[in-house]
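Only one structure is covered here, and it is reproduced in the block below.
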Amino acid sequence: MLSSARPAPLNLWIFHPQPRRRNDLFANGTRLIEDLDDRRRTARTGHWSPDAGADHGPSVRSTRGLDWFVFFLADVQTGFGPFVAVYLTTQKWTQIEIGLILSVGGLIALLGQIPGGALVDWARSERLVAGLAVSMIGVSALAYAAWPIFPVVLSAAVLQSASSCVLGPAIAAISLGLVGQSAISRRLGRNARFASIGSGVAAVGMGTCGYLFSSRAVFLVTVALAIPAIVAITRIRADEVNSDRAHGAIPNSDKTRSRTTSIAMLGRNRPLLEFALVLMLFQFANAAMLPLVGSILTRQSSIWAPALIGACMVMPQIMVAAVSPWVGGRAQVWGRRPLLLIGIGALVIRGLLFSFVREPHFLIAIQVLDGVAASVFGVLVPLIVVDVTYGSGHFNLAQGIAGTATGLGASASMIFAGYLSDRFGSEVAFLALAMIAATALAVVCLVMPETRPPISEYPRSG
């Protein structure tokens with residue numbers, strides 16, 4: 001039911017027959033549009049407040065700035081994937097040394113999730129934190145290219161991994177600070193689309209540069225791409241990113257300090273811990289699937305294996321780019337749990353199909369299901385964290401908890417699946433991973449609640 005308060009009548013004096021000054025006409029025309037917006041908002045939500053038209057969302061400049069920042073950041077981070085091992089191999093590094101560098105980087109990426117989120121919560125400028133992190137990644141890439149000796153590369157790997165721990169929470173924080181809780185799901189879907197496109201474009205471009213020039217060129221391209229990423233983030237207007245809202249706190253309209261809760265409350269946040277368990281199980285089942293497929297393809301044809309594995313990697317990226325905005329929109333209409341069930345269900349089916357299918361073309365087609373799962377979790381991970389922690393002021397620290405659970409699941413997956421594949425065969429390994437995914441599905445069905453808040457509970461901007 002509509003509240004008893006009603007918007008003020010439309011101010012129609014701009015149609016008065018007496019001449020008016022041009023700036024007066026413009027000002028009152030603007031008020032007329034704002035009144036119309038208020039009426040539409042009242043009809044849509046059933047509520048009205050005197051400052052309902054005060055927040056019109058971010059400007060086009062800020063929106064486009066965030067789009068391009070996500071795009072170029074995906075480009076930059078792509079340079080530190082499989083290209084590291086290829087490059088260090090060309091520099092006559094031993095496999096033990098390469099493995100040590102990759103292991104140290106992975107360990108820092110795992111341990112740095114919670115401190116990285118806490119740093120973003122502590123900072124008063126998420127844009128500055130993100131810009132500095134991108135700069136540090138650029139420095140790391142330059143170190144790889146210029147001085148490929150063990151101490152320098154080890155330091156660069158640590159710096160790159162630590163910086164990456166900050167960037168995920170920073171992007172989600174900037175997005176939340178720009179659009180608020182009520183519009184964050186669609187913004188996250190848009191982020192996932194641009195990140196996917198950026199990763200795909202970068203993989204093709206860097207692979208081409210590595211083939212035409214040298215593997216060192218990949219890191220020089222990474223340095224070059226860090227520059228437009230920094231330029232893009234400067235396009236986001238600082239006054240449009242509400243810092244309190246970006247940290248998951250509820251801003252007070254009287255400009256006093258925002259309300260927050262203690263960090264210890266996160267340890268008692270049952271929905272957050274249940275979701276962290278789901279994430280750990282999901283990554284436990286998911287992380288080892290593509291490497292196992294790569295092993296199968298390599299045994300079948302070592303000549304065509306690189307191209308087939310590349311196709312297996314590109315197919316999910318295409319799906320993420322196409323589906324993620326739809327996922328963001330459906331999350332507001334359907335809720336979070338139905339989409340979680342779809343994403344985990346796709347992983348279960350994928351594991352079962354991999355257990356029986358060996359035809360390379362069918363293996364690539366099955367990777368469409370990986371794109372479905374990636375689209376769902378790419379949007380829902382930060383979105384559900386927003387749902388269960390909004391008002392605490394520790395949104396980004398909670399993202400670190402979710403990231404740690406994800407990293408633990410991925411690490412265990414590689415060891416577990418590798419052991420089963422060597423001992424019992426890849427078919428058994430895929431079936432076991434499918435069973436773990438089914439366990440995650442059961443947790444969502446039986447334990448985890450729906451986290452989408454009612455529309456009436458979305459906080460208004462102060």
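Ordering of the structure tokens sets the chain letters (A, B, ...), residue numbers begin anew at 1 in every chain, and ligands are numbered from 1 in the order given.
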Exercise: segment 403-405 of chain A partners within 12 Å, only C-alpha atoms, chain neighbours under 5 positions left out, as a ChimeraX atom specification:
/A:106-117,164-169,272-284,378,381-382,385,396-398,410-412
Mind checking which residues fall within 8 Å of Val320 of chain A, counting only C-alpha atoms, ignoring those fewer than 3 positions away in the same chain, and posting them as a ChimeraX atom specification?
/A:192-193,196,316-317,323-324,371-372,374-375
List the neighbours of Leu142 of chain A out to 8 Å using only C-alpha atoms; skip same-chain residues closer than 5 positions along the sequence, and give me the result as a list in words.
Phe219, Leu220 and Val223 of chain A
File of the preceding selection, N, CA and C atoms, as an mmCIF file, in the first residue's frame:
```cif
data_model
loop_
_atom_site.group_PDB
_atom_site.id
_atom_site.type_symbol
_atom_site.label_atom_id
_atom_site.label_comp_id
_atom_site.auth_asym_id
_atom_site.auth_seq_id
_atom_site.Cartn_x
_atom_site.Cartn_y
_atom_site.Cartn_z
ATOM 1 N N PHE A 219 54.997 -9.925 -21.458
ATOM 2 C CA PHE A 219 55.094 -9.103 -20.259
ATOM 3 C C PHE A 219 55.235 -7.626 -20.599
ATOM 4 N N LEU A 220 55.844 -7.323 -21.730
ATOM 5 C CA LEU A 220 55.898 -5.928 -22.159
ATOM 6 C C LEU A 220 54.507 -5.432 -22.546
ATOM 7 N N VAL A 223 52.710 -4.624 -19.336
ATOM 8 C CA VAL A 223 53.089 -3.296 -18.830
ATOM 9 C C VAL A 223 52.335 -2.212 -19.582
#
```
Could you pull out all residues of segment 238-405 of chain A with a DSSP call of helix (DSSP H, G or I) and give them as an MDAnalysis selection string?
chainID A and resid 238:240 243:246 264:267 270:286 289:300 305:334 337:356 360:389 395:405
Would you list the contacts of Glu97 of chain A as a PyMOL selection string, taking every protein, DNA or RNA residue within 12 Å and counting only C-alpha atoms, but skipping same-chain residues closer than 2 positions in sequence?
chain A and resi 84-85+88-89+91-95+99-104+148-151+153-154
Near Val218 of chain A, counting only C-alpha atoms, which residues have an atom at most 9 Å away, once you skip same-chain residues fewer than 5 positions from it, shown as number ranges by chain?
A: 79, 83, 87, 141, 145, 205-207, 209-210, 223
Residues just named, written with N, CA and C atoms as a compact mmCIF listing (two decimals), in the first residue's frame:
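Once written, selection.txt looks like this:
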```
# COMPACT_ATOMS: atom_id res chain seq x y z
N GLY A 79 48.30 -11.86 -18.49
CA GLY A 79 49.72 -12.05 -18.75
C GLY A 79 50.44 -12.88 -17.71
N PHE A 83 51.56 -18.13 -19.35
CA PHE A 83 52.71 -17.51 -20.02
C PHE A 83 53.95 -17.47 -19.13
N TYR A 87 57.55 -18.64 -20.49
CA TYR A 87 58.64 -17.67 -20.55
C TYR A 87 59.86 -18.14 -19.77
N ALA A 141 55.43 -7.12 -14.01
CA ALA A 141 55.61 -7.58 -15.39
C ALA A 141 56.90 -7.05 -15.98
N ALA A 145 60.22 -9.22 -17.46
CA ALA A 145 60.78 -9.04 -18.79
C ALA A 145 62.24 -8.59 -18.76
N GLY A 205 45.60 -11.86 -28.11
CA GLY A 205 46.63 -10.87 -28.44
C GLY A 205 47.99 -11.24 -27.90
N MET A 206 48.05 -11.71 -26.64
CA MET A 206 49.33 -12.06 -26.05
C MET A 206 49.90 -13.32 -26.68
N GLY A 207 49.03 -14.27 -27.00
CA GLY A 207 49.51 -15.46 -27.69
C GLY A 207 50.10 -15.13 -29.05
N CYS A 209 51.43 -12.18 -29.93
CA CYS A 209 52.71 -11.47 -29.71
C CYS A 209 53.82 -12.46 -29.33
N GLY A 210 53.47 -13.44 -28.49
CA GLY A 210 54.47 -14.43 -28.12
C GLY A 210 54.93 -15.25 -29.29
N VAL A 223 52.71 -4.62 -19.34
CA VAL A 223 53.09 -3.30 -18.83
C VAL A 223 52.34 -2.21 -19.58
```
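The coordinates place atom CA of Pro338 of chain A at 27.6 Å from atom CA of Ala429 of chain A.
Close contacts of Gly138 of chain A, defined as residues with an atom at most 10 Å away when counting only C-alpha atoms, with chain neighbours fewer than 2 positions off set aside, comprise A:Val76, A:Gln77, A:Leu132, A:Ala133, A:Val134, A:Ser135, A:Met136, A:Ser140, A:Ala141, A:Leu142, A:Ala143, A:Tyr144, A:Ala156, A:Gln160, A:Phe219, A:Leu220, A:Val221, A:Thr222, A:Val223, A:Ala224, A:Leu225, A:Ala226, A:Ile227.
With only C-alpha atoms as the atoms that count, the minimum distance from Ser59 of chain A to the choices A:Gly335, A:Arg237, A:Ile197, A:Ser155 is reached by A:Arg237.
You can rank A:Thr90, A:Gln181, A:Ser426, A:Thr63 by their closest distance to Ile250 of chain A using only C-alpha atoms, and at the top of that list sits A:Gln181.
Take the candidates A:Leu352, A:Val60, A:Leu178, A:Ala238 and check each one against Ala438 of chain A using only C-alpha atoms; the shortest distance goes to A:Leu352.
Computed from the coordinates, the atom CA of Gly177 of chain A to atom CA of Gly407 of chain A distance equals 26.2 Å.
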